[in-house]
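Engineer: Pasting target-v4.txt here (compact mmCIF, C-alpha atoms):
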# COMPACT_ATOMS: atom_id res chain seq x y z
CA MET A 57 -45.53 -42.33 0.27
CA THR A 58 -42.64 -43.51 2.41
CA GLU A 59 -39.83 -40.97 2.63
CA PRO A 60 -36.57 -42.32 1.21
CA ILE A 61 -33.58 -42.85 3.48
CA LEU A 62 -31.06 -40.20 2.56
CA PRO A 63 -27.32 -40.06 3.25
CA ARG A 64 -26.30 -38.50 6.54
CA LEU A 65 -25.33 -34.88 6.02
CA ARG A 66 -23.63 -32.41 8.31
CA PRO A 67 -26.57 -30.96 10.26
CA GLU A 68 -25.24 -27.41 10.03
CA ILE A 69 -25.06 -27.73 6.23
CA ALA A 70 -28.54 -29.26 5.99
CA ALA A 71 -29.86 -26.26 7.94
CA LEU A 72 -27.91 -23.71 5.86
CA ALA A 73 -30.02 -21.78 3.38
CA PRO A 74 -28.49 -21.78 -0.12
CA TYR A 75 -27.08 -18.52 -1.45
CA ARG A 76 -29.99 -16.46 -2.75
CA GLN A 77 -29.30 -14.56 -5.94
CA GLY A 78 -30.93 -11.23 -6.68
CA LYS A 79 -34.41 -11.79 -8.09
CA GLN A 80 -34.62 -11.93 -11.87
CA ALA A 81 -36.68 -9.30 -13.68
CA GLY A 82 -39.29 -9.52 -16.41
CA PRO A 83 -38.73 -7.91 -19.81
CA ASP A 84 -40.37 -4.62 -18.79
CA ALA A 85 -38.84 -4.35 -15.32
CA PHE A 86 -35.61 -2.80 -14.09
CA LYS A 87 -33.41 -5.42 -12.45
CA LEU A 88 -31.64 -3.51 -9.67
CA SER A 89 -31.09 -6.44 -7.33
CA SER A 90 -27.65 -7.83 -8.21
CA ASN A 91 -25.26 -4.87 -8.60
CA GLU A 92 -24.69 -5.72 -12.24
CA ASN A 93 -23.33 -3.27 -14.78
CA PRO A 94 -26.30 -2.16 -16.94
CA PHE A 95 -24.14 -1.49 -20.01
CA GLU A 96 -23.76 -4.09 -22.75
CA PRO A 97 -20.22 -5.45 -23.33
CA LEU A 98 -17.94 -3.32 -25.46
CA PRO A 99 -17.66 -4.33 -29.14
CA SER A 100 -13.94 -5.02 -28.66
CA VAL A 101 -14.71 -7.47 -25.85
CA LEU A 102 -17.34 -9.26 -27.93
CA GLU A 103 -14.91 -9.46 -30.84
CA ALA A 104 -12.25 -11.00 -28.58
CA LEU A 105 -14.74 -13.61 -27.38
CA GLN A 106 -15.11 -14.89 -30.92
CA GLY A 107 -11.53 -16.16 -30.68
CA THR A 108 -11.96 -18.27 -27.55
CA THR A 109 -10.61 -21.77 -27.25
CA PRO A 110 -13.02 -24.35 -28.74
CA ILE A 111 -15.41 -25.52 -26.07
CA ASN A 112 -14.35 -29.14 -26.50
CA ARG A 113 -10.96 -28.17 -25.03
CA TYR A 114 -10.16 -27.50 -21.40
CA PRO A 115 -9.08 -23.97 -20.45
CA ASP A 116 -5.68 -23.11 -19.00
CA ALA A 117 -6.08 -24.30 -15.42
CA THR A 118 -4.30 -21.28 -13.93
CA ALA A 119 -5.38 -18.56 -16.41
CA THR A 120 -1.71 -17.86 -17.08
CA ARG A 121 -2.15 -15.11 -19.66
CA LEU A 122 -4.50 -13.14 -17.44
CA ARG A 123 -2.27 -13.63 -14.41
CA GLU A 124 0.70 -12.38 -16.39
CA ARG A 125 -1.21 -9.27 -17.44
CA LEU A 126 -2.33 -8.56 -13.89
CA ALA A 127 1.14 -9.20 -12.50
CA ALA A 128 2.70 -6.74 -14.92
CA ARG A 129 -0.02 -4.21 -14.22
CA HIS A 130 0.44 -4.32 -10.45
CA GLY A 131 4.18 -4.92 -10.32
CA VAL A 132 4.09 -8.34 -8.68
CA ALA A 133 5.25 -11.83 -9.56
CA VAL A 134 2.88 -14.09 -11.48
CA ASP A 135 2.61 -16.43 -8.48
CA GLU A 136 1.38 -13.47 -6.43
CA VAL A 137 -1.76 -13.37 -8.58
CA HIS A 138 -4.58 -15.90 -8.30
CA VAL A 139 -7.55 -16.02 -10.68
CA ALA A 140 -10.79 -17.89 -10.01
CA SER A 141 -14.45 -17.91 -11.02
CA GLY A 142 -15.30 -14.65 -9.30
CA SER A 143 -13.83 -13.11 -6.18
CA VAL A 144 -16.40 -14.98 -4.10
CA ALA A 145 -14.76 -18.24 -5.20
CA ILE A 146 -11.44 -16.96 -3.87
CA LEU A 147 -13.14 -16.04 -0.60
CA TYR A 148 -14.28 -19.64 -0.24
CA GLN A 149 -10.81 -20.93 -1.07
CA LEU A 150 -9.03 -18.67 1.39
CA VAL A 151 -11.40 -19.42 4.26
CA GLN A 152 -11.17 -23.16 3.55
CA ALA A 153 -7.38 -22.85 3.60
CA ALA A 154 -7.24 -20.87 6.83
CA ALA A 155 -10.06 -22.07 9.09
CA SER A 156 -11.77 -25.25 10.18
CA ALA A 157 -13.57 -26.71 13.19
CA GLY A 158 -12.80 -24.77 16.35
CA ASP A 159 -11.53 -21.72 14.47
CA GLU A 160 -13.16 -18.33 14.08
CA VAL A 161 -13.54 -15.87 11.21
CA VAL A 162 -14.37 -12.25 12.02
CA TYR A 163 -16.37 -10.02 9.68
CA ALA A 164 -18.68 -7.00 9.86
CA TRP A 165 -22.43 -7.44 9.78
CA ARG A 166 -24.39 -6.66 7.83
CA SER A 167 -21.93 -7.24 5.01
CA PHE A 168 -21.73 -9.55 1.97
CA GLU A 169 -24.30 -12.25 2.59
CA ALA A 170 -22.01 -15.07 1.46
CA TYR A 171 -19.65 -14.58 4.41
CA PRO A 172 -21.63 -16.55 7.04
CA GLY A 173 -22.19 -19.48 4.69
CA LEU A 174 -18.61 -19.82 3.51
CA VAL A 175 -17.39 -19.77 7.12
CA LEU A 176 -19.89 -22.45 8.13
CA VAL A 177 -18.99 -24.66 5.16
CA ALA A 178 -15.37 -24.53 6.30
CA GLY A 179 -16.52 -25.85 9.69
CA ALA A 180 -15.46 -22.64 11.43
CA THR A 181 -17.46 -20.18 13.52
CA GLY A 182 -18.36 -16.74 12.23
CA VAL A 183 -17.94 -13.78 14.56
CA GLU A 184 -20.22 -10.98 13.38
CA VAL A 185 -19.32 -7.45 14.47
CA PRO A 186 -22.15 -4.92 14.01
CA LEU A 187 -21.71 -2.01 11.66
CA ILE A 188 -21.67 1.50 13.08
CA GLU A 189 -25.16 2.95 13.47
CA SER A 190 -25.29 6.71 13.73
CA ASP A 191 -27.49 9.71 13.00
CA ASP A 192 -24.44 11.05 11.17
CA LEU A 193 -24.85 9.80 7.60
CA ALA A 194 -21.08 10.04 7.12
CA GLN A 195 -20.62 7.35 9.78
CA THR A 196 -23.62 5.04 9.63
CA GLY A 197 -23.32 1.68 7.88
CA ARG A 198 -19.52 1.62 8.24
CA HIS A 199 -17.17 -1.06 9.54
CA ASP A 200 -16.31 -0.71 13.23
CA LEU A 201 -12.68 -1.77 12.83
CA GLY A 202 -11.89 -1.12 16.47
CA ALA A 203 -14.58 -3.54 17.57
CA MET A 204 -13.44 -6.05 14.92
CA ALA A 205 -9.88 -5.92 16.26
CA ASP A 206 -11.24 -6.38 19.79
CA ALA A 207 -13.13 -9.48 18.61
CA ILE A 208 -9.93 -11.28 17.56
CA THR A 209 -8.93 -14.13 19.86
CA ASP A 210 -6.38 -16.92 19.75
CA ARG A 211 -9.00 -18.90 17.79
CA THR A 212 -9.24 -16.31 15.01
CA ARG A 213 -7.77 -17.49 11.72
CA ALA A 214 -9.14 -14.88 9.30
CA VAL A 215 -10.76 -11.44 9.19
CA ILE A 216 -12.77 -10.15 6.22
CA VAL A 217 -12.99 -6.42 5.49
CA CYS A 218 -15.40 -5.38 2.73
CA THR A 219 -14.83 -1.92 1.27
CA PRO A 220 -17.00 -0.39 -0.04
CA ASN A 221 -19.27 -2.43 2.14
CA ASN A 222 -21.93 -4.55 0.47
CA PRO A 223 -24.84 -3.81 0.98
CA THR A 224 -24.57 -0.46 2.78
CA GLY A 225 -21.95 1.25 0.57
CA PRO A 226 -19.44 3.12 2.80
CA ILE A 227 -15.67 2.75 2.56
CA VAL A 228 -12.90 1.91 4.99
CA THR A 229 -10.31 4.68 4.90
CA SER A 230 -6.62 4.10 4.30
CA ALA A 231 -5.76 5.42 7.77
CA GLU A 232 -8.36 3.18 9.42
CA PHE A 233 -7.14 0.09 7.60
CA ALA A 234 -3.49 0.81 8.40
CA ALA A 235 -4.29 1.14 12.10
CA PHE A 236 -6.40 -2.01 11.98
CA VAL A 237 -3.70 -4.11 10.34
CA GLU A 238 -1.25 -3.10 13.07
CA ARG A 239 -3.64 -4.52 15.68
CA VAL A 240 -4.19 -7.84 13.90
CA PRO A 241 -1.69 -10.61 14.70
CA SER A 242 0.58 -11.28 11.73
CA ASP A 243 -0.46 -14.94 11.63
CA VAL A 244 -4.14 -14.05 11.08
CA LEU A 245 -5.24 -13.80 7.44
CA ILE A 246 -6.80 -10.47 6.47
CA ILE A 247 -8.98 -10.59 3.35
CA LEU A 248 -9.53 -7.12 1.89
CA ASP A 249 -12.60 -7.54 -0.31
CA GLU A 250 -12.57 -4.68 -2.83
CA ALA A 251 -15.13 -5.93 -5.35
CA TYR A 252 -16.43 -2.40 -5.95
CA ALA A 253 -13.15 -0.47 -5.81
CA GLU A 254 -13.50 1.06 -9.28
CA PHE A 255 -16.57 3.03 -8.19
CA VAL A 256 -14.77 4.77 -5.31
CA THR A 257 -14.26 8.52 -5.65
CA ASP A 258 -13.33 9.32 -2.04
CA ASP A 259 -9.55 9.80 -1.94
CA ARG A 260 -9.47 8.78 1.73
CA ALA A 261 -10.44 5.20 0.85
CA VAL A 262 -7.99 2.37 1.27
CA ASP A 263 -6.71 1.07 -2.06
CA GLY A 264 -5.20 -2.31 -1.33
CA LEU A 265 -3.52 -2.64 -4.71
CA GLY A 266 -2.41 0.95 -5.12
CA GLU A 267 -1.00 1.04 -1.60
CA ARG A 268 0.52 -2.46 -1.95
CA VAL A 269 -0.57 -3.36 1.58
CA PHE A 270 0.49 -6.95 0.95
CA ASP A 271 4.17 -5.91 0.73
CA ALA A 272 4.44 -4.73 4.33
CA HIS A 273 1.85 -7.22 5.59
CA PRO A 274 2.09 -10.67 3.95
CA ASN A 275 -1.02 -11.75 5.85
CA VAL A 276 -3.15 -9.39 3.70
CA VAL A 277 -4.75 -10.61 0.47
CA VAL A 278 -6.58 -8.14 -1.78
CA LEU A 279 -9.58 -9.27 -3.84
CA ARG A 280 -10.91 -7.67 -7.03
CA THR A 281 -13.42 -8.76 -9.66
CA PHE A 282 -14.30 -8.24 -13.31
CA SER A 283 -18.00 -8.75 -12.54
CA LYS A 284 -18.99 -5.23 -11.55
CA ALA A 285 -17.16 -2.30 -13.14
CA TYR A 286 -15.96 -4.40 -16.09
CA GLY A 287 -19.40 -5.87 -16.75
CA LEU A 288 -18.40 -9.55 -16.95
CA ALA A 289 -20.70 -10.89 -14.22
CA GLY A 290 -22.01 -13.65 -16.48
CA LEU A 291 -18.52 -14.98 -17.24
CA ARG A 292 -17.37 -15.26 -13.59
CA VAL A 293 -13.78 -14.10 -13.20
CA GLY A 294 -12.08 -12.46 -10.24
CA TYR A 295 -8.58 -12.25 -8.86
CA ALA A 296 -6.50 -11.92 -5.72
CA ILE A 297 -3.07 -10.44 -5.11
CA GLY A 298 -0.98 -11.38 -2.11
CA HIS A 299 1.87 -13.53 -0.87
CA ALA A 300 2.51 -16.50 -3.17
CA LYS A 301 2.38 -19.08 -0.37
CA VAL A 302 -0.98 -17.79 0.85
CA LEU A 303 -2.36 -17.89 -2.68
CA ASP A 304 -0.91 -21.39 -3.18
CA ALA A 305 -3.13 -22.49 -0.31
CA ALA A 306 -6.14 -20.95 -2.06
CA ARG A 307 -5.17 -22.65 -5.32
CA SER A 308 -4.97 -25.97 -3.48
CA THR A 309 -8.55 -25.70 -2.21
CA GLY A 310 -10.04 -24.47 -5.49
CA ILE A 311 -11.93 -26.51 -8.05
CA PRO A 312 -9.59 -27.13 -11.00
CA LEU A 313 -10.36 -25.58 -14.39
CA SER A 314 -13.03 -23.27 -13.00
CA VAL A 315 -12.08 -20.21 -15.08
CA THR A 316 -13.20 -20.69 -18.67
CA SER A 317 -11.23 -19.58 -21.72
CA ALA A 318 -14.02 -17.15 -22.55
CA ALA A 319 -13.73 -15.52 -19.13
CA GLU A 320 -9.96 -15.18 -19.39
CA ILE A 321 -10.08 -13.71 -22.89
CA ALA A 322 -12.87 -11.29 -22.00
CA ALA A 323 -10.97 -10.12 -18.92
CA ILE A 324 -7.83 -9.45 -20.95
CA ALA A 325 -9.85 -7.60 -23.60
CA SER A 326 -11.47 -5.55 -20.83
CA LEU A 327 -8.06 -4.54 -19.51
CA ASP A 328 -7.17 -3.43 -23.05
CA ALA A 329 -10.35 -1.33 -23.16
CA GLU A 330 -10.12 -0.07 -19.59
CA ALA A 331 -10.25 3.64 -20.42
CA GLU A 332 -13.51 3.19 -22.28
CA LEU A 333 -14.94 1.00 -19.53
CA LEU A 334 -14.04 3.50 -16.83
CA GLU A 335 -15.94 6.18 -18.74
CA ARG A 336 -18.99 4.03 -18.16
CA VAL A 337 -18.07 3.76 -14.48
CA ASN A 338 -18.05 7.55 -14.28
CA VAL A 339 -21.56 7.61 -15.74
CA LEU A 340 -22.73 5.18 -13.06
CA VAL A 341 -21.04 7.23 -10.34
CA GLY A 342 -23.03 10.24 -11.56
CA ARG A 343 -26.26 8.26 -11.40
CA ARG A 344 -25.33 7.11 -7.90
CA ALA A 345 -24.97 10.72 -6.80
CA SER A 346 -28.38 11.55 -8.29
CA LEU A 347 -29.96 8.63 -6.43
CA VAL A 348 -28.37 9.50 -3.09
CA ASP A 349 -29.24 13.19 -3.36
CA GLY A 350 -32.80 12.47 -4.46
CA LEU A 351 -33.43 9.88 -1.76
CA ARG A 352 -32.08 12.15 0.96
CA ALA A 353 -34.20 15.01 -0.35
CA HIS A 354 -37.25 12.76 0.12
CA GLY A 355 -36.26 12.04 3.74
CA TRP A 356 -34.32 8.79 3.45
CA ALA A 357 -31.24 8.38 5.68
CA VAL A 358 -29.01 6.92 2.97
CA PRO A 359 -25.41 6.08 4.00
CA GLU A 360 -22.44 7.45 2.04
CA SER A 361 -22.28 4.98 -0.83
CA GLN A 362 -19.03 4.63 -2.76
CA SER A 363 -20.23 1.67 -4.76
CA ASN A 364 -22.73 1.00 -7.55
CA PHE A 365 -25.70 0.68 -5.21
CA VAL A 366 -27.52 2.56 -2.47
CA TRP A 367 -29.00 1.35 0.81
CA LEU A 368 -32.45 2.08 2.21
CA PRO A 369 -32.63 1.24 5.94
CA THR A 370 -36.23 0.05 6.03
CA GLY A 371 -35.97 -2.15 9.14
CA ASP A 372 -39.00 -4.29 9.90
CA ARG A 373 -40.89 -2.86 6.90
CA THR A 374 -38.31 -4.15 4.42
CA ASP A 375 -40.40 -6.86 2.77
CA GLU A 376 -43.42 -4.57 2.49
CA VAL A 377 -41.40 -1.78 0.84
CA ALA A 378 -39.71 -4.26 -1.51
CA ARG A 379 -43.15 -5.37 -2.70
CA VAL A 380 -44.04 -1.77 -3.54
CA PHE A 381 -40.92 -1.53 -5.70
CA ARG A 382 -41.68 -4.89 -7.31
CA ASP A 383 -45.24 -3.83 -8.13
CA ALA A 384 -43.71 -0.84 -9.92
CA ASP A 385 -41.52 -3.17 -12.00
CA ILE A 386 -38.37 -2.36 -10.05
CA ILE A 387 -36.62 -5.46 -8.73
CA VAL A 388 -34.57 -4.57 -5.65
CA ARG A 389 -32.69 -6.68 -3.11
CA PRO A 390 -34.43 -6.86 0.28
CA PHE A 391 -32.65 -8.06 3.41
CA SER A 392 -35.53 -8.85 5.73
CA GLY A 393 -35.47 -6.89 8.97
CA ASP A 394 -32.62 -4.64 7.85
CA GLY A 395 -33.01 -2.80 4.57
CA ILE A 396 -33.07 -2.72 0.80
CA ARG A 397 -30.14 -2.52 -1.60
CA ILE A 398 -30.81 -0.84 -4.93
CA SER A 399 -28.27 -1.13 -7.72
CA VAL A 400 -27.44 1.83 -9.93
CA GLY A 401 -28.95 0.81 -13.25
CA GLU A 402 -30.19 2.33 -16.47
CA HIS A 403 -30.65 6.08 -16.74
CA GLU A 404 -34.41 5.63 -17.00
CA SER A 405 -34.52 3.74 -13.71
CA VAL A 406 -33.25 6.61 -11.54
CA GLU A 407 -36.37 8.77 -11.59
CA LYS A 408 -38.62 5.73 -11.25
CA VAL A 409 -36.72 4.59 -8.13
CA LEU A 410 -37.05 8.07 -6.65
CA GLN A 411 -40.79 8.15 -7.37
CA VAL A 412 -41.42 4.85 -5.59
CA ALA A 413 -39.10 5.75 -2.70
CA ARG A 414 -40.94 9.04 -2.21
CA SER A 415 -44.29 7.21 -2.11
CA VAL A 416 -43.26 4.92 0.75
CA VAL A 417 -41.11 7.14 2.97
CA ALA A 418 -43.97 9.25 4.34
CA PRO A 419 -46.08 6.28 5.51
CA LEU A 420 -43.01 4.80 7.18
CA GLN A 421 -42.39 7.99 9.11
CA SER A 422 -46.04 8.66 9.93
CA GLN A 423 -46.35 5.23 11.55
CA GLY A 424 -43.47 6.05 13.88
CA ARG A 425 -40.87 4.01 12.06
CA GLU A 426 -38.15 6.37 10.92
CA SER A 427 -36.49 5.56 7.62
CA ARG A 428 -33.17 4.87 9.26
Have the structure of the file written as structure tokens, please.

Structural biologist:
Amino acid sequence: MTEPILPRLRPEIAALAPYRQGKQAGPDAFKLSSNENPFEPLPSVLEALQGTTPINRYPDATATRLRERLAARHGVAVDEVHVASGSVAILYQLVQAAASAGDEVVYAWRSFEAYPGLVLVAGATGVEVPLIESDDLAQTGRHDLGAMADAITDRTRAVIVCTPNNPTGPIVTSAEFAAFVERVPSDVLIILDEAYAEFVTDDRAVDGLGERVFDAHPNVVVLRTFSKAYGLAGLRVGYAIGHAKVLDAARSTGIPLSVTSAAEIAAIASLDAEAELLERVNVLVGRRASLVDGLRAHGWAVPESQSNFVWLPTGDRTDEVARVFRDADIIVRPFSGDGIRISVGEHESVEKVLQVARSVVAPLQSQGRESR
């Protein structure tokens, strides 16, 4: 059969692999590949969803009610809040607004896997700065903010800082971020990606909203999401807080009407039920501690996770180890050549993860490939 003649596409886009979601799980498997909240939605959130706008009507294009709630909560103007279909959508919008051909965007690597693609789609060049690797588990897997500041040139238009870092888990401290911001030119956009902030228990961590870093530094935008701690991943809603003119640029590049009425209503209901939701977060933080302690006891060099996942540095054995987990009905997220991210899931999953991890760590070490 003769191949059809297709439209000419940008070669870098044609070569770009699509975003790969965490593998879905069968009915008897634990899905620990996507950092989802394992708890079902609260009854009050489900009740609120019954009152959504009829689906034959368009939603409010700017999610005004949710923006008003968030503005009041954080003591900012409504125009200093932007809502979109997940914080990753806002990342795309901000990079599109700030960078194009000939420009650079700096980020740590390995970090959130969407970063390279969104930079390439904008036509810009990604500058990947390696994470810190250390035998000290308190340091390994962390952002090297000094090296990231050194990587900034006159072509740099944006820098992305992910804390806690996805997929390794460590935080950026408040002191580190403050020193970093002072080194970044004021005309370079700094995106502080705090998708997992609610899981942080380390009081040294930067808190972009609590510290109001955007007041002293208008080039900083803070991102949060309702997908993780609030358990609304399937409804897709996230938000940003920063200078109104910077967020106007993001709004200009966004797809109109992308936040549904259901997402807005569920987010507002979740804010109303926040105390109850954060009790669930505390449960997950406890499970995280059990996973980290158990994995380290079995010989794994697990970084200091402050998120709802843990990181196994499996290196060139990553795909092999992921298959062992899969065969045990545990769906994890492998990053070939680097490691495996395992979400904190149901209570029953913790011991099963530890059993499988124990079964594979000894062979890794005996073959001369340390589990770090």

Engineer: Report, in Å to a single decimal, how far apart CA of Tyr286 in chain A and CA of Leu333 in chain A are.

Structural biologist: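 About the pair CA of Leu333 in chain A and CA of Tyr286 in chain A: they are 6.5 Å apart.
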
Engineer: Would you please work out which residue, of A:Ala322, A:Ala205, A:Ala384, A:Val278, is nearest to Val185 in chain A when using only C-alpha atoms?

Structural biologist: A:Ala205

Engineer: Hey, what's within 7 Å of range 115-124 of chain A if we count only C-alpha atoms and toss same-chain stuff fewer than 2 positions away? As a count of residues only, please?

Structural biologist: 14

Engineer: What is the CA of Glu184 in chain A-CA of Thr224 in chain A distance in Å, reported with one decimal?

Structural biologist: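 Here the two named atoms are 15.6 Å from each other.
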
Engineer: Skip range 97-100 of chain A itself and residues of its chain fewer than 4 positions away, then list as a PyMOL selection string all residues within 9 Å of it, counting all atoms listed in the file.

Structural biologist: chain A and resi 104-105+286-288+325-326+328-329+332-333

Engineer: So which residues fall inside 10 Å of (-9.9, 1.3, 11.2) if we count only C-alpha atoms? Mind giving them as a list of chain:residue names?

Structural biologist: A:His199, A:Asp200, A:Leu201, A:Gly202, A:Ala203, A:Met204, A:Ala205, A:Val228, A:Thr229, A:Ser230, A:Ala231, A:Glu232, A:Phe233, A:Ala234, A:Ala235, A:Phe236, A:Val237, A:Glu238, A:Arg239

Engineer: Atoms to include: C-alpha atoms. Write the selected residues as a CSV table (one decimal), keeping the file's coordinate frame.

Structural biologist:
chain,number,residue,atom,x,y,z
A,199,HIS,CA,-17.2,-1.1,9.5
A,200,ASP,CA,-16.3,-0.7,13.2
A,201,LEU,CA,-12.7,-1.8,12.8
A,202,GLY,CA,-11.9,-1.1,16.5
A,203,ALA,CA,-14.6,-3.5,17.6
A,204,MET,CA,-13.4,-6.0,14.9
A,205,ALA,CA,-9.9,-5.9,16.3
A,228,VAL,CA,-12.9,1.9,5.0
A,229,THR,CA,-10.3,4.7,4.9
A,230,SER,CA,-6.6,4.1,4.3
A,231,ALA,CA,-5.8,5.4,7.8
A,232,GLU,CA,-8.4,3.2,9.4
A,233,PHE,CA,-7.1,0.1,7.6
A,234,ALA,CA,-3.5,0.8,8.4
A,235,ALA,CA,-4.3,1.1,12.1
A,236,PHE,CA,-6.4,-2.0,12.0
A,237,VAL,CA,-3.7,-4.1,10.3
A,238,GLU,CA,-1.2,-3.1,13.1
A,239,ARG,CA,-3.6,-4.5,15.7

Engineer: If I take CA of Arg414 in chain A and CA of Gly197 in chain A, how far is one from the other in Å, to one decimal?

Structural biologist: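 These atoms are spaced 21.6 Å apart.
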
Engineer: If you count all atoms listed in the file, which residues fall within 8 Å of Ala306 in chain A, apart from same-chain ones fewer than 5 positions away, as a ChimeraX atom specification?

Structural biologist: /A:146,149-150,152-153

Engineer: Determine the nearest neighbour of Leu351 in chain A from the options A:Arg64, A:Arg389, A:Arg125, A:Lys408, counting only C-alpha atoms.

Structural biologist: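 Of A:Arg64, A:Arg389, A:Arg125, A:Lys408, the one nearest Leu351 in chain A is A:Lys408, counting only C-alpha atoms.
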
Engineer: Of the candidates A:Asp258, A:Asp383, A:Asp304, A:Asp210, which shows the shortest atom-to-atom distance to Pro241 in chain A, using all atoms listed in the file?

Structural biologist: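 Smallest separation from Pro241 in chain A among the options: A:Asp210.
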
Engineer: Taking only C-alpha atoms into account, name the residue in A:Ala289, A:Ala418, A:Ile247, A:Val348 that is nearest to Leu368 in chain A.

Structural biologist: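 Comparing A:Ala289, A:Ala418, A:Ile247, A:Val348 against Leu368 in chain A, the winner is A:Val348.
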
Engineer: Using all atoms listed in the file for the distances, tell me which of A:Glu407, A:Asp263, A:Glu160, A:Asp192 is nearest to Ser346 in chain A.

Structural biologist: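 Looking at the shortest contact to Ser346 in chain A, the residue is A:Glu407.
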
Engineer: Calculated over all atoms listed in the file, which of the candidates A:Glu254, A:Phe365, A:Phe381, A:Gly355 has the smallest distance to Asn221 in chain A?

Structural biologist: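 Looking at the shortest contact to Asn221 in chain A, the residue is A:Phe365.
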
Engineer: Show me that you can extract range 197-202 of chain A, keeping all heavy atoms, and write it as a PDB file, in the first residue's frame.

Structural biologist:
ATOM      1  N   GLY A 197      19.266  13.272  45.202  1.00  0.00           N
ATOM      2  CA  GLY A 197      17.993  13.487  44.525  1.00  0.00           C
ATOM      3  C   GLY A 197      17.448  14.888  44.657  1.00  0.00           C
ATOM      4  O   GLY A 197      16.293  15.141  44.295  1.00  0.00           O
ATOM      5  N   ARG A 198      18.269  15.836  45.134  1.00  0.00           N
ATOM      6  CA  ARG A 198      17.810  17.202  45.367  1.00  0.00           C
ATOM      7  C   ARG A 198      18.214  18.123  44.221  1.00  0.00           C
ATOM      8  O   ARG A 198      19.142  17.856  43.470  1.00  0.00           O
ATOM      9  CB  ARG A 198      18.391  17.752  46.674  1.00  0.00           C
ATOM     10  CG  ARG A 198      18.080  16.904  47.896  1.00  0.00           C
ATOM     11  CD  ARG A 198      18.608  17.543  49.174  1.00  0.00           C
ATOM     12  NE  ARG A 198      17.811  18.727  49.508  1.00  0.00           N
ATOM     13  CZ  ARG A 198      18.307  19.949  49.666  1.00  0.00           C
ATOM     14  NH1 ARG A 198      19.601  20.174  49.504  1.00  0.00           N
ATOM     15  NH2 ARG A 198      17.518  20.952  49.981  1.00  0.00           N
ATOM     16  N   HIS A 199      17.495  19.247  44.099  1.00  0.00           N
ATOM     17  CA  HIS A 199      17.881  20.283  43.153  1.00  0.00           C
ATOM     18  C   HIS A 199      19.255  20.857  43.519  1.00  0.00           C
ATOM     19  O   HIS A 199      19.516  21.113  44.709  1.00  0.00           O
ATOM     20  CB  HIS A 199      16.875  21.437  43.170  1.00  0.00           C
ATOM     21  CG  HIS A 199      15.654  21.199  42.353  1.00  0.00           C
ATOM     22  ND1 HIS A 199      14.907  20.064  42.446  1.00  0.00           N
ATOM     23  CD2 HIS A 199      15.037  21.987  41.413  1.00  0.00           C
ATOM     24  CE1 HIS A 199      13.866  20.153  41.600  1.00  0.00           C
ATOM     25  NE2 HIS A 199      13.938  21.299  40.974  1.00  0.00           N
ATOM     26  N   ASP A 200      20.079  21.073  42.526  1.00  0.00           N
ATOM     27  CA  ASP A 200      21.343  21.789  42.704  1.00  0.00           C
ATOM     28  C   ASP A 200      21.098  23.226  42.256  1.00  0.00           C
ATOM     29  O   ASP A 200      21.349  23.602  41.110  1.00  0.00           O
ATOM     30  CB  ASP A 200      22.445  21.134  41.873  1.00  0.00           C
ATOM     31  CG  ASP A 200      23.827  21.704  42.155  1.00  0.00           C
ATOM     32  OD1 ASP A 200      23.904  22.829  42.703  1.00  0.00           O
ATOM     33  OD2 ASP A 200      24.817  21.035  41.821  1.00  0.00           O
ATOM     34  N   LEU A 201      20.558  24.044  43.167  1.00  0.00           N
ATOM     35  CA  LEU A 201      20.153  25.397  42.788  1.00  0.00           C
ATOM     36  C   LEU A 201      21.340  26.273  42.418  1.00  0.00           C
ATOM     37  O   LEU A 201      21.203  27.185  41.586  1.00  0.00           O
ATOM     38  CB  LEU A 201      19.353  26.042  43.922  1.00  0.00           C
ATOM     39  CG  LEU A 201      17.964  25.448  44.179  1.00  0.00           C
ATOM     40  CD1 LEU A 201      17.260  26.216  45.290  1.00  0.00           C
ATOM     41  CD2 LEU A 201      17.115  25.457  42.923  1.00  0.00           C
ATOM     42  N   GLY A 202      22.493  26.004  43.006  1.00  0.00           N
ATOM     43  CA  GLY A 202      23.676  26.764  42.613  1.00  0.00           C
ATOM     44  C   GLY A 202      24.029  26.526  41.161  1.00  0.00           C
ATOM     45  O   GLY A 202      24.296  27.470  40.404  1.00  0.00           O
TER      46      GLY A 202
END
